[in-house]
>>> print(open('coords-v8.pdb').read())   # PDB, C-alpha atoms
ATOM      1  CA  GLY P  24     -14.081  -8.791 -13.719  1.00  0.00           C
ATOM      2  CA  ALA P  25     -12.069  -5.681 -14.460  1.00  0.00           C
ATOM      3  CA  GLY P  26     -10.302  -5.432 -11.125  1.00  0.00           C
ATOM      4  CA  VAL P  27      -7.343  -7.174  -9.507  1.00  0.00           C
ATOM      5  CA  SER P  28      -8.313 -10.669  -8.507  1.00  0.00           C
ATOM      6  CA  GLN P  29      -6.636 -12.642  -5.736  1.00  0.00           C
ATOM      7  CA  SER P  30      -7.084 -16.226  -4.650  1.00  0.00           C
ATOM      8  CA  PRO P  31      -7.674 -17.804  -2.288  1.00  0.00           C
ATOM      9  CA  SER P  32      -9.449 -15.112  -0.301  1.00  0.00           C
ATOM     10  CA  ASN P  33      -8.861 -17.083   2.871  1.00  0.00           C
ATOM     11  CA  LYS P  34      -6.331 -19.786   3.612  1.00  0.00           C
ATOM     12  CA  VAL P  35      -5.831 -21.649   6.866  1.00  0.00           C
ATOM     13  CA  THR P  36      -2.799 -23.882   6.977  1.00  0.00           C
ATOM     14  CA  GLU P  37      -0.678 -25.747   9.448  1.00  0.00           C
ATOM     15  CA  LYS P  38       2.768 -24.617  10.449  1.00  0.00           C
ATOM     16  CA  GLY P  39       5.385 -26.064   8.130  1.00  0.00           C
ATOM     17  CA  LYS P  40       3.146 -26.400   5.077  1.00  0.00           C
ATOM     18  CA  ASP P  41       3.755 -24.524   1.829  1.00  0.00           C
ATOM     19  CA  VAL P  42       1.174 -22.113   0.461  1.00  0.00           C
ATOM     20  CA  GLU P  43       0.728 -20.451  -2.909  1.00  0.00           C
ATOM     21  CA  LEU P  44      -1.180 -17.228  -3.389  1.00  0.00           C
ATOM     22  CA  ARG P  45      -2.294 -16.034  -6.785  1.00  0.00           C
ATOM     23  CA  CYS P  46      -2.833 -12.591  -8.241  1.00  0.00           C
ATOM     24  CA  ASP P  47      -4.503 -11.698 -11.538  1.00  0.00           C
ATOM     25  CA  PRO P  48      -3.712  -8.052 -12.272  1.00  0.00           C
ATOM     26  CA  ILE P  49      -5.753  -5.719 -14.421  1.00  0.00           C
ATOM     27  CA  SER P  50      -5.085  -6.504 -18.055  1.00  0.00           C
ATOM     28  CA  GLY P  51      -2.348  -4.308 -19.521  1.00  0.00           C
ATOM     29  CA  HIS P  52      -0.945  -3.189 -16.187  1.00  0.00           C
ATOM     30  CA  THR P  53       2.824  -3.408 -16.338  1.00  0.00           C
ATOM     31  CA  ALA P  54       3.566  -3.018 -12.641  1.00  0.00           C
ATOM     32  CA  LEU P  55       2.602  -5.532  -9.975  1.00  0.00           C
ATOM     33  CA  TYR P  56       3.273  -5.345  -6.260  1.00  0.00           C
ATOM     34  CA  TRP P  57       2.889  -7.725  -3.361  1.00  0.00           C
ATOM     35  CA  TYR P  58       2.441  -6.331   0.141  1.00  0.00           C
ATOM     36  CA  ARG P  59       1.887  -7.958   3.499  1.00  0.00           C
ATOM     37  CA  GLN P  60      -0.315  -6.456   6.166  1.00  0.00           C
ATOM     38  CA  ARG P  61      -0.427  -7.919   9.629  1.00  0.00           C
ATOM     39  CA  LEU P  62      -3.449  -7.224  11.827  1.00  0.00           C
ATOM     40  CA  GLY P  63      -3.475  -3.582  12.870  1.00  0.00           C
ATOM     41  CA  GLN P  64      -0.232  -2.843  11.049  1.00  0.00           C
ATOM     42  CA  GLY P  65       0.742  -0.951   7.915  1.00  0.00           C
ATOM     43  CA  LEU P  66       1.568  -2.289   4.471  1.00  0.00           C
ATOM     44  CA  GLU P  67       4.905  -4.058   4.258  1.00  0.00           C
ATOM     45  CA  PHE P  68       6.446  -4.118   0.775  1.00  0.00           C
ATOM     46  CA  LEU P  69       7.450  -7.586  -0.390  1.00  0.00           C
ATOM     47  CA  ILE P  70       8.228  -7.585  -4.106  1.00  0.00           C
ATOM     48  CA  TYR P  71       7.675  -5.471  -7.219  1.00  0.00           C
ATOM     49  CA  PHE P  72       7.506  -6.553 -10.866  1.00  0.00           C
ATOM     50  CA  GLN P  73       7.801  -4.000 -13.647  1.00  0.00           C
ATOM     51  CA  GLY P  74       7.493  -5.259 -17.199  1.00  0.00           C
ATOM     52  CA  ASN P  75      10.476  -7.350 -18.227  1.00  0.00           C
ATOM     53  CA  SER P  76      12.845  -5.792 -15.703  1.00  0.00           C
ATOM     54  CA  ALA P  77      14.340  -7.873 -12.925  1.00  0.00           C
ATOM     55  CA  PRO P  78      11.942  -7.824  -9.971  1.00  0.00           C
ATOM     56  CA  ASP P  79      12.724  -5.808  -6.871  1.00  0.00           C
ATOM     57  CA  LYS P  80      12.800  -8.510  -4.211  1.00  0.00           C
ATOM     58  CA  SER P  81      14.220  -6.307  -1.483  1.00  0.00           C
ATOM     59  CA  GLY P  82      11.146  -6.673   0.735  1.00  0.00           C
ATOM     60  CA  LEU P  83      10.976 -10.455   0.893  1.00  0.00           C
ATOM     61  CA  PRO P  84      11.504 -11.288   4.596  1.00  0.00           C
ATOM     62  CA  SER P  85      13.309 -14.598   4.145  1.00  0.00           C
ATOM     63  CA  ASP P  86      14.264 -17.225   1.601  1.00  0.00           C
ATOM     64  CA  ARG P  87      11.028 -19.033   2.414  1.00  0.00           C
ATOM     65  CA  PHE P  88       9.276 -16.381   0.346  1.00  0.00           C
ATOM     66  CA  SER P  89       9.401 -16.289  -3.443  1.00  0.00           C
ATOM     67  CA  ALA P  90       7.290 -14.833  -6.210  1.00  0.00           C
ATOM     68  CA  GLU P  91       6.999 -15.210  -9.925  1.00  0.00           C
ATOM     69  CA  ARG P  92       5.208 -13.383 -12.653  1.00  0.00           C
ATOM     70  CA  THR P  93       4.485 -14.654 -16.129  1.00  0.00           C
ATOM     71  CA  GLY P  94       5.052 -11.768 -18.532  1.00  0.00           C
ATOM     72  CA  GLU P  95       2.659  -9.032 -17.581  1.00  0.00           C
ATOM     73  CA  SER P  96      -0.033 -11.323 -16.282  1.00  0.00           C
ATOM     74  CA  VAL P  97      -0.539 -13.647 -13.351  1.00  0.00           C
ATOM     75  CA  SER P  98       1.745 -13.629 -10.352  1.00  0.00           C
ATOM     76  CA  THR P  99       2.128 -16.214  -7.622  1.00  0.00           C
ATOM     77  CA  LEU P 100       3.581 -15.683  -4.169  1.00  0.00           C
ATOM     78  CA  THR P 101       4.865 -18.840  -2.545  1.00  0.00           C
ATOM     79  CA  ILE P 102       5.619 -19.241   1.147  1.00  0.00           C
ATOM     80  CA  GLN P 103       7.466 -22.396   2.064  1.00  0.00           C
ATOM     81  CA  ARG P 104       7.448 -24.008   5.498  1.00  0.00           C
ATOM     82  CA  THR P 105       4.973 -21.481   6.846  1.00  0.00           C
ATOM     83  CA  GLN P 106       5.410 -20.070  10.330  1.00  0.00           C
ATOM     84  CA  GLN P 107       2.835 -18.482  12.615  1.00  0.00           C
ATOM     85  CA  GLU P 108       4.371 -15.053  12.052  1.00  0.00           C
ATOM     86  CA  ASP P 109       3.475 -15.400   8.369  1.00  0.00           C
ATOM     87  CA  SER P 110      -0.194 -14.950   9.309  1.00  0.00           C
ATOM     88  CA  ALA P 111      -1.350 -11.778   7.585  1.00  0.00           C
ATOM     89  CA  VAL P 112      -3.303 -10.424   4.656  1.00  0.00           C
ATOM     90  CA  TYR P 113      -1.280 -10.563   1.472  1.00  0.00           C
ATOM     91  CA  LEU P 114      -2.278  -7.773  -0.889  1.00  0.00           C
ATOM     92  CA  CYS P 115      -1.533  -7.621  -4.577  1.00  0.00           C
ATOM     93  CA  ALA P 116      -1.753  -4.395  -6.560  1.00  0.00           C
ATOM     94  CA  SER P 117      -1.218  -3.459 -10.181  1.00  0.00           C
ATOM     95  CA  SER P 118      -0.676  -0.240 -12.037  1.00  0.00           C
ATOM     96  CA  LEU P 119       0.174   1.280 -15.386  1.00  0.00           C
ATOM     97  CA  LEU P 120       3.084   2.864 -13.546  1.00  0.00           C
ATOM     98  CA  ASN P 121       6.113   3.240 -15.784  1.00  0.00           C
ATOM     99  CA  ARG P 122       8.964   5.612 -16.512  1.00  0.00           C
ATOM    100  CA  GLU P 123       6.767   7.914 -18.498  1.00  0.00           C
ATOM    101  CA  SER P 124       3.833   8.230 -16.196  1.00  0.00           C
ATOM    102  CA  THR P 125       2.591   7.541 -12.739  1.00  0.00           C
ATOM    103  CA  GLY P 126      -0.717   5.944 -12.196  1.00  0.00           C
ATOM    104  CA  GLU P 127      -3.176   4.791  -9.610  1.00  0.00           C
ATOM    105  CA  LEU P 128      -2.398   1.560  -7.802  1.00  0.00           C
ATOM    106  CA  PHE P 129      -5.324  -0.845  -7.827  1.00  0.00           C
ATOM    107  CA  PHE P 130      -5.474  -3.401  -5.049  1.00  0.00           C
ATOM    108  CA  GLY P 131      -7.066  -6.790  -4.890  1.00  0.00           C
ATOM    109  CA  GLU P 132      -9.108  -7.707  -1.836  1.00  0.00           C
ATOM    110  CA  GLY P 133      -6.214  -9.701  -0.451  1.00  0.00           C
ATOM    111  CA  SER P 134      -5.554 -13.250   0.624  1.00  0.00           C
ATOM    112  CA  ARG P 135      -5.932 -13.737   4.363  1.00  0.00           C
ATOM    113  CA  LEU P 136      -3.448 -16.361   5.546  1.00  0.00           C
ATOM    114  CA  THR P 137      -3.738 -17.978   8.945  1.00  0.00           C
ATOM    115  CA  VAL P 138      -0.987 -20.326  10.061  1.00  0.00           C
ATOM    116  CA  LEU P 139      -1.979 -22.520  12.985  1.00  0.00           C
TER     117      LEU P 139
ATOM    118  CA  ARG E  11      15.207   5.876   9.072  1.00  0.00           C
ATOM    119  CA  LYS E  12      12.059   4.633   7.328  1.00  0.00           C
ATOM    120  CA  GLU E  13      11.547   5.732   3.740  1.00  0.00           C
ATOM    121  CA  VAL E  14       8.093   7.070   4.548  1.00  0.00           C
ATOM    122  CA  GLU E  15       7.021   8.014   8.075  1.00  0.00           C
ATOM    123  CA  GLN E  16       3.642   8.873   9.482  1.00  0.00           C
ATOM    124  CA  ASP E  17       2.224   9.436  12.953  1.00  0.00           C
ATOM    125  CA  PRO E  18       0.105   6.311  13.509  1.00  0.00           C
ATOM    126  CA  GLY E  19      -2.473   8.163  15.614  1.00  0.00           C
ATOM    127  CA  PRO E  20      -5.268   7.533  16.314  1.00  0.00           C
ATOM    128  CA  PHE E  21      -6.589  11.010  15.793  1.00  0.00           C
ATOM    129  CA  ASN E  22      -9.967  11.229  17.509  1.00  0.00           C
ATOM    130  CA  VAL E  23     -11.885  14.292  16.364  1.00  0.00           C
ATOM    131  CA  PRO E  24     -15.500  15.475  16.640  1.00  0.00           C
ATOM    132  CA  GLU E  25     -17.657  15.654  13.567  1.00  0.00           C
ATOM    133  CA  GLY E  26     -17.133  18.946  11.759  1.00  0.00           C
ATOM    134  CA  ALA E  27     -13.569  19.412  12.949  1.00  0.00           C
ATOM    135  CA  THR E  28     -10.594  20.140  10.736  1.00  0.00           C
ATOM    136  CA  VAL E  29      -7.754  17.654  10.979  1.00  0.00           C
ATOM    137  CA  ALA E  30      -4.329  17.524   9.345  1.00  0.00           C
ATOM    138  CA  PHE E  31      -1.857  14.699   8.816  1.00  0.00           C
ATOM    139  CA  ASN E  32       1.782  14.991   7.884  1.00  0.00           C
ATOM    140  CA  CYS E  33       4.073  12.509   6.249  1.00  0.00           C
ATOM    141  CA  THR E  34       7.843  12.730   5.801  1.00  0.00           C
ATOM    142  CA  TYR E  35       9.945  10.920   3.224  1.00  0.00           C
ATOM    143  CA  SER E  36      13.653  10.276   3.197  1.00  0.00           C
ATOM    144  CA  ASN E  37      14.539   9.977  -0.489  1.00  0.00           C
ATOM    145  CA  SER E  38      14.968  13.342  -2.159  1.00  0.00           C
ATOM    146  CA  ALA E  39      14.671  11.610  -5.555  1.00  0.00           C
ATOM    147  CA  SER E  40      11.021  10.864  -4.870  1.00  0.00           C
ATOM    148  CA  GLN E  41       8.988  11.700  -7.928  1.00  0.00           C
ATOM    149  CA  SER E  42       5.344  11.725  -7.000  1.00  0.00           C
ATOM    150  CA  PHE E  43       3.134  11.472  -4.003  1.00  0.00           C
ATOM    151  CA  PHE E  44      -0.289  10.169  -3.109  1.00  0.00           C
ATOM    152  CA  TRP E  45      -2.703   9.735  -0.260  1.00  0.00           C
ATOM    153  CA  TYR E  46      -4.588   6.460  -0.043  1.00  0.00           C
ATOM    154  CA  ARG E  47      -7.436   5.584   2.256  1.00  0.00           C
ATOM    155  CA  GLN E  48      -7.914   2.191   3.848  1.00  0.00           C
ATOM    156  CA  ASP E  49     -11.113   1.235   5.613  1.00  0.00           C
ATOM    157  CA  CYS E  50     -11.052  -1.433   8.288  1.00  0.00           C
ATOM    158  CA  ARG E  51     -10.392  -4.881   6.782  1.00  0.00           C
ATOM    159  CA  LYS E  52     -10.534  -3.477   3.249  1.00  0.00           C
ATOM    160  CA  GLU E  53      -7.910  -2.847   0.607  1.00  0.00           C
ATOM    161  CA  PRO E  54      -6.365   0.628   0.185  1.00  0.00           C
ATOM    162  CA  LYS E  55      -7.854   2.934  -2.421  1.00  0.00           C
ATOM    163  CA  LEU E  56      -6.494   6.114  -3.943  1.00  0.00           C
ATOM    164  CA  LEU E  57      -7.806   9.247  -2.240  1.00  0.00           C
ATOM    165  CA  MET E  58      -5.840  11.845  -4.153  1.00  0.00           C
ATOM    166  CA  SER E  59      -2.568  12.624  -5.814  1.00  0.00           C
ATOM    167  CA  VAL E  60      -0.380  15.377  -4.384  1.00  0.00           C
ATOM    168  CA  TYR E  61       0.843  18.016  -6.817  1.00  0.00           C
ATOM    169  CA  SER E  62       3.729  20.420  -6.317  1.00  0.00           C
ATOM    170  CA  SER E  63       1.446  23.434  -6.246  1.00  0.00           C
ATOM    171  CA  GLY E  64      -0.948  21.823  -3.801  1.00  0.00           C
ATOM    172  CA  ASN E  65      -4.383  20.595  -4.750  1.00  0.00           C
ATOM    173  CA  GLU E  66      -7.850  20.432  -3.372  1.00  0.00           C
ATOM    174  CA  ASP E  67     -10.697  17.978  -3.826  1.00  0.00           C
ATOM    175  CA  GLY E  68     -13.790  19.046  -1.976  1.00  0.00           C
ATOM    176  CA  ARG E  69     -13.057  18.947   1.737  1.00  0.00           C
ATOM    177  CA  PHE E  70      -9.593  17.478   1.176  1.00  0.00           C
ATOM    178  CA  THR E  71      -6.447  19.514   0.553  1.00  0.00           C
ATOM    179  CA  ALA E  72      -3.043  18.018  -0.141  1.00  0.00           C
ATOM    180  CA  GLN E  73       0.258  19.892  -0.072  1.00  0.00           C
ATOM    181  CA  LEU E  74       3.854  19.058  -0.862  1.00  0.00           C
ATOM    182  CA  ASN E  75       6.974  20.634   0.608  1.00  0.00           C
ATOM    183  CA  ARG E  76       9.953  19.300  -1.349  1.00  0.00           C
ATOM    184  CA  ALA E  77      12.509  21.343   0.580  1.00  0.00           C
ATOM    185  CA  SER E  78      11.473  19.796   3.879  1.00  0.00           C
ATOM    186  CA  GLN E  79      10.449  16.508   2.308  1.00  0.00           C
ATOM    187  CA  TYR E  80       6.972  16.230   3.677  1.00  0.00           C
ATOM    188  CA  ILE E  81       3.444  16.074   2.403  1.00  0.00           C
ATOM    189  CA  SER E  82       0.261  16.891   4.213  1.00  0.00           C
ATOM    190  CA  LEU E  83      -3.434  16.113   4.044  1.00  0.00           C
ATOM    191  CA  LEU E  84      -6.035  18.460   5.472  1.00  0.00           C
ATOM    192  CA  ILE E  85      -9.626  17.359   5.981  1.00  0.00           C
ATOM    193  CA  ARG E  86     -12.178  20.078   6.650  1.00  0.00           C
ATOM    194  CA  ASP E  87     -15.660  19.606   8.121  1.00  0.00           C
ATOM    195  CA  SER E  88     -14.874  15.982   8.922  1.00  0.00           C
ATOM    196  CA  LYS E  89     -17.652  13.401   8.604  1.00  0.00           C
ATOM    197  CA  LEU E  90     -18.196  10.128  10.425  1.00  0.00           C
ATOM    198  CA  SER E  91     -17.545   8.421   7.095  1.00  0.00           C
ATOM    199  CA  ASP E  92     -14.029   9.886   7.008  1.00  0.00           C
ATOM    200  CA  SER E  93     -13.030   7.442   9.753  1.00  0.00           C
ATOM    201  CA  ALA E  94     -10.313   5.294   8.187  1.00  0.00           C
ATOM    202  CA  THR E  95      -6.564   4.907   7.967  1.00  0.00           C
ATOM    203  CA  TYR E  96      -4.834   7.369   5.667  1.00  0.00           C
ATOM    204  CA  LEU E  97      -1.725   6.102   3.937  1.00  0.00           C
ATOM    205  CA  CYS E  98       0.988   8.334   2.564  1.00  0.00           C
ATOM    206  CA  VAL E  99       2.564   6.928  -0.608  1.00  0.00           C
ATOM    207  CA  VAL E 100       5.780   8.008  -2.273  1.00  0.00           C
ATOM    208  CA  ASN E 101       6.924   7.005  -5.751  1.00  0.00           C
ATOM    209  CA  ILE E 102      10.651   6.664  -6.359  1.00  0.00           C
ATOM    210  CA  LEU E 103      12.177   6.130  -9.782  1.00  0.00           C
ATOM    211  CA  THR E 104      14.536   3.143  -9.592  1.00  0.00           C
ATOM    212  CA  GLY E 105      16.582   1.254 -12.140  1.00  0.00           C
ATOM    213  CA  GLY E 106      13.714  -1.106 -12.699  1.00  0.00           C
ATOM    214  CA  GLY E 107      11.037   1.530 -12.936  1.00  0.00           C
ATOM    215  CA  ASN E 108       8.879   3.204 -10.361  1.00  0.00           C
ATOM    216  CA  LYS E 109       8.577   1.895  -6.816  1.00  0.00           C
ATOM    217  CA  LEU E 110       5.680   2.890  -4.614  1.00  0.00           C
ATOM    218  CA  THR E 111       6.440   2.944  -0.905  1.00  0.00           C
ATOM    219  CA  PHE E 112       3.657   3.182   1.663  1.00  0.00           C
ATOM    220  CA  GLY E 113       3.774   4.723   5.082  1.00  0.00           C
ATOM    221  CA  THR E 114       2.246   2.724   7.900  1.00  0.00           C
ATOM    222  CA  GLY E 115      -0.801   4.971   7.943  1.00  0.00           C
ATOM    223  CA  THR E 116      -2.514   7.425  10.259  1.00  0.00           C
ATOM    224  CA  GLN E 117      -5.748   6.311  11.835  1.00  0.00           C
ATOM    225  CA  LEU E 118      -8.593   8.816  11.986  1.00  0.00           C
ATOM    226  CA  LYS E 119     -11.692   8.374  14.107  1.00  0.00           C
ATOM    227  CA  VAL E 120     -14.448  10.931  13.681  1.00  0.00           C
ATOM    228  CA  GLU E 121     -16.921  10.927  16.538  1.00  0.00           C
ATOM    229  CA  LEU E 122     -20.359  12.427  17.195  1.00  0.00           C
TER     230      LEU E 122
END
>>> encode(input="coords-v8.pdb", output="structure tokens")
Amino acid sequence: GAGVSQSPSNKVTEKGKDVELRCDPISGHTALYWYRQRLGQGLEFLIYFQGNSAPDKSGLPSDRFSAERTGESVSTLTIQRTQQEDSAVYLCASSLLNRESTGELFFGEGSRLTVL
Amino acid sequence: RKEVEQDPGPFNVPEGATVAFNCTYSNSASQSFFWYRQDCRKEPKLLMSVYSSGNEDGRFTAQLNRASQYISLLIRDSKLSDSATYLCVVNILTGGGNKLTFGTGTQLKVEL
């Protein structure tokens, strides 16, 4: 499809397990964001990739969280040793945002993580 | 102080009412501004950009006040279908490019 694709859409895991969430941005989009949204809460910035620049990791809540992006394509968000407070929807978004222009941010449908 | 602040609401208004939301931002270097809409258990989607001179799209009017560092969204003749959370978004130019920061959102409930 032409939109941002995230997988899995739902993930239930046990406390202490590692999880990996995947995001396929829209082709050609240079910017990619990960956000976390807990139930009834706002979007919490996690990490931002922009082209070949060093990612802005300032939003990652702890060293259990890490993310990678291969060039300007797929990104994976990894949560190690999951805790119950990690339960949330993890949203990925991509954009043509760059120094020369601003653009609309397109979101995937999110990966809903439940840690038991 | 949060980078982007919004009143969480909820704003409960009758159908046909006019309602306004404000959003304040802390970084004076902010470059551009947007309002997004998020329906319950859905992903956010762009509602409209906010231009310096103010802009209108049907029943929706957005305004920017750079001196006071706030943006606003006005909804006229509100419909039941306008019920959603409205997210204020600010774009800041950083060393690595642009960074979009979201407010926590203002919840609107339009009632019969």
>>> interface_residues(input="coords-v8.pdb", of="chain P", to="chain E", cutoff="9 Å", atoms="only C-alpha atoms", output="list in words")
Ala54, Tyr56, Leu62, Gln64, Gly65, Leu66, Glu67, Phe68, Tyr71, Phe72, Gln73, Gly74, Asn75, Ser76, Ala77, Pro78, Asp79, Leu114, Leu120, Asn121, Arg122, Thr125, Glu127, Leu128, Phe129, Phe130, Gly131, Glu132 and Gly133 of chain P
>>> write_last_selection(input="coords-v8.pdb", atoms="C-alpha atoms", output="tab-separated table (two decimals), in the frame of the given file")
chain	number	residue	atom	x	y	z
P	54	ALA	CA	3.57	-3.02	-12.64
P	56	TYR	CA	3.27	-5.34	-6.26
P	62	LEU	CA	-3.45	-7.22	11.83
P	64	GLN	CA	-0.23	-2.84	11.05
P	65	GLY	CA	0.74	-0.95	7.92
P	66	LEU	CA	1.57	-2.29	4.47
P	67	GLU	CA	4.90	-4.06	4.26
P	68	PHE	CA	6.45	-4.12	0.78
P	71	TYR	CA	7.68	-5.47	-7.22
P	72	PHE	CA	7.51	-6.55	-10.87
P	73	GLN	CA	7.80	-4.00	-13.65
P	74	GLY	CA	7.49	-5.26	-17.20
P	75	ASN	CA	10.48	-7.35	-18.23
P	76	SER	CA	12.84	-5.79	-15.70
P	77	ALA	CA	14.34	-7.87	-12.92
P	78	PRO	CA	11.94	-7.82	-9.97
P	79	ASP	CA	12.72	-5.81	-6.87
P	114	LEU	CA	-2.28	-7.77	-0.89
P	120	LEU	CA	3.08	2.86	-13.55
P	121	ASN	CA	6.11	3.24	-15.78
P	122	ARG	CA	8.96	5.61	-16.51
P	125	THR	CA	2.59	7.54	-12.74
P	127	GLU	CA	-3.18	4.79	-9.61
P	128	LEU	CA	-2.40	1.56	-7.80
P	129	PHE	CA	-5.32	-0.84	-7.83
P	130	PHE	CA	-5.47	-3.40	-5.05
P	131	GLY	CA	-7.07	-6.79	-4.89
P	132	GLU	CA	-9.11	-7.71	-1.84
P	133	GLY	CA	-6.21	-9.70	-0.45
>>> resolve_selection(input="coords-v8.pdb", expression="the PyMOL selection byres ((chain P and resi 25) around 10)", output="list of chain:residue names")
P:Gly24, P:Gly26, P:Val27, P:Ser28, P:Pro48, P:Ile49, P:Ser50
>>> write_last_selection(input="coords-v8.pdb", atoms="C-alpha atoms", output="PDB file, in the frame of the given file")
ATOM      1  CA  GLY P  24     -14.081  -8.791 -13.719  1.00  0.00           C
ATOM      2  CA  GLY P  26     -10.302  -5.432 -11.125  1.00  0.00           C
ATOM      3  CA  VAL P  27      -7.343  -7.174  -9.507  1.00  0.00           C
ATOM      4  CA  SER P  28      -8.313 -10.669  -8.507  1.00  0.00           C
ATOM      5  CA  PRO P  48      -3.712  -8.052 -12.272  1.00  0.00           C
ATOM      6  CA  ILE P  49      -5.753  -5.719 -14.421  1.00  0.00           C
ATOM      7  CA  SER P  50      -5.085  -6.504 -18.055  1.00  0.00           C
TER       8      SER P  50
END
>>> closest_residue(input="coords-v8.pdb", among="P:His52, P:Arg59, P:Ser117, P:Arg45", to="Ala90 (chain P)", atoms="all atoms listed in the file")
P:Arg45
>>> atom_distance(input="coords-v8.pdb", atom1="CA of Asn22 (chain E)", atom2="CA of Tyr61 (chain E)")
27.5 Å
>>> residues_around(input="coords-v8.pdb", residues="Leu118 (chain E)", least_positions_apart="4", cutoff="6 Å", atoms="only C-alpha atoms", output="PyMOL selection string")
chain E and resi 20-21+93-95
>>> write_last_selection(input="coords-v8.pdb", atoms="C-alpha atoms", output="JSON list (two decimals), keeping the file's coordinate frame")
[["chain", "number", "residue", "atom", "x", "y", "z"],
["E", 20, "PRO", "CA", -5.27, 7.53, 16.31],
["E", 21, "PHE", "CA", -6.59, 11.01, 15.79],
["E", 93, "SER", "CA", -13.03, 7.44, 9.75],
["E", 94, "ALA", "CA", -10.31, 5.29, 8.19],
["E", 95, "THR", "CA", -6.56, 4.91, 7.97]]
>>> residues_around(input="coords-v8.pdb", residues="Gly64 (chain E)", least_positions_apart="4", cutoff="8 Å", atoms="all atoms listed in the file", output="list in words")
Val60, Thr71, Ala72, Gln73 and Leu74 of chain E
>>> atom_distance(input="coords-v8.pdb", atom1="CA of Gln29 (chain P)", atom2="CA of Cys46 (chain P)")
4.6 Å
>>> atom_distance(input="coords-v8.pdb", atom1="CA of Arg69 (chain E)", atom2="CA of Leu83 (chain E)")
10.3 Å
>>> residues_around(input="coords-v8.pdb", residues="Arg76 (chain E)", least_positions_apart="2", cutoff="10 Å", atoms="all atoms listed in the file", output="PDB file with C-alpha atoms, in the frame of the given file")
ATOM      1  CA  THR E  34       7.843  12.730   5.801  1.00  0.00           C
ATOM      2  CA  TYR E  35       9.945  10.920   3.224  1.00  0.00           C
ATOM      3  CA  SER E  38      14.968  13.342  -2.159  1.00  0.00           C
ATOM      4  CA  ALA E  39      14.671  11.610  -5.555  1.00  0.00           C
ATOM      5  CA  SER E  40      11.021  10.864  -4.870  1.00  0.00           C
ATOM      6  CA  SER E  62       3.729  20.420  -6.317  1.00  0.00           C
ATOM      7  CA  GLN E  73       0.258  19.892  -0.072  1.00  0.00           C
ATOM      8  CA  LEU E  74       3.854  19.058  -0.862  1.00  0.00           C
ATOM      9  CA  SER E  78      11.473  19.796   3.879  1.00  0.00           C
ATOM     10  CA  GLN E  79      10.449  16.508   2.308  1.00  0.00           C
ATOM     11  CA  TYR E  80       6.972  16.230   3.677  1.00  0.00           C
ATOM     12  CA  ILE E  81       3.444  16.074   2.403  1.00  0.00           C
TER      13      ILE E  81
END
>>> residues_near_point(input="coords-v8.pdb", point="(1.6, -20.7, -11.9)", cutoff="12 Å", atoms="only C-alpha atoms", output="PyMOL selection string")
chain P and resi 43-47+90-94+96-101
>>> residues_around(input="coords-v8.pdb", residues="Arg11 (chain E)", least_positions_apart="3", cutoff="9 Å", atoms="all atoms listed in the file", output="PyMOL selection string")
chain E and resi 14-15+36
>>> write_last_selection(input="coords-v8.pdb", atoms="C-alpha atoms", output="mmCIF file, keeping the file's coordinate frame")
data_model
loop_
_atom_site.group_PDB
_atom_site.id
_atom_site.type_symbol
_atom_site.label_atom_id
_atom_site.label_comp_id
_atom_site.auth_asym_id
_atom_site.auth_seq_id
_atom_site.Cartn_x
_atom_site.Cartn_y
_atom_site.Cartn_z
ATOM 1 C CA VAL E 14 8.093 7.070 4.548
ATOM 2 C CA GLU E 15 7.021 8.014 8.075
ATOM 3 C CA SER E 36 13.653 10.276 3.197
#
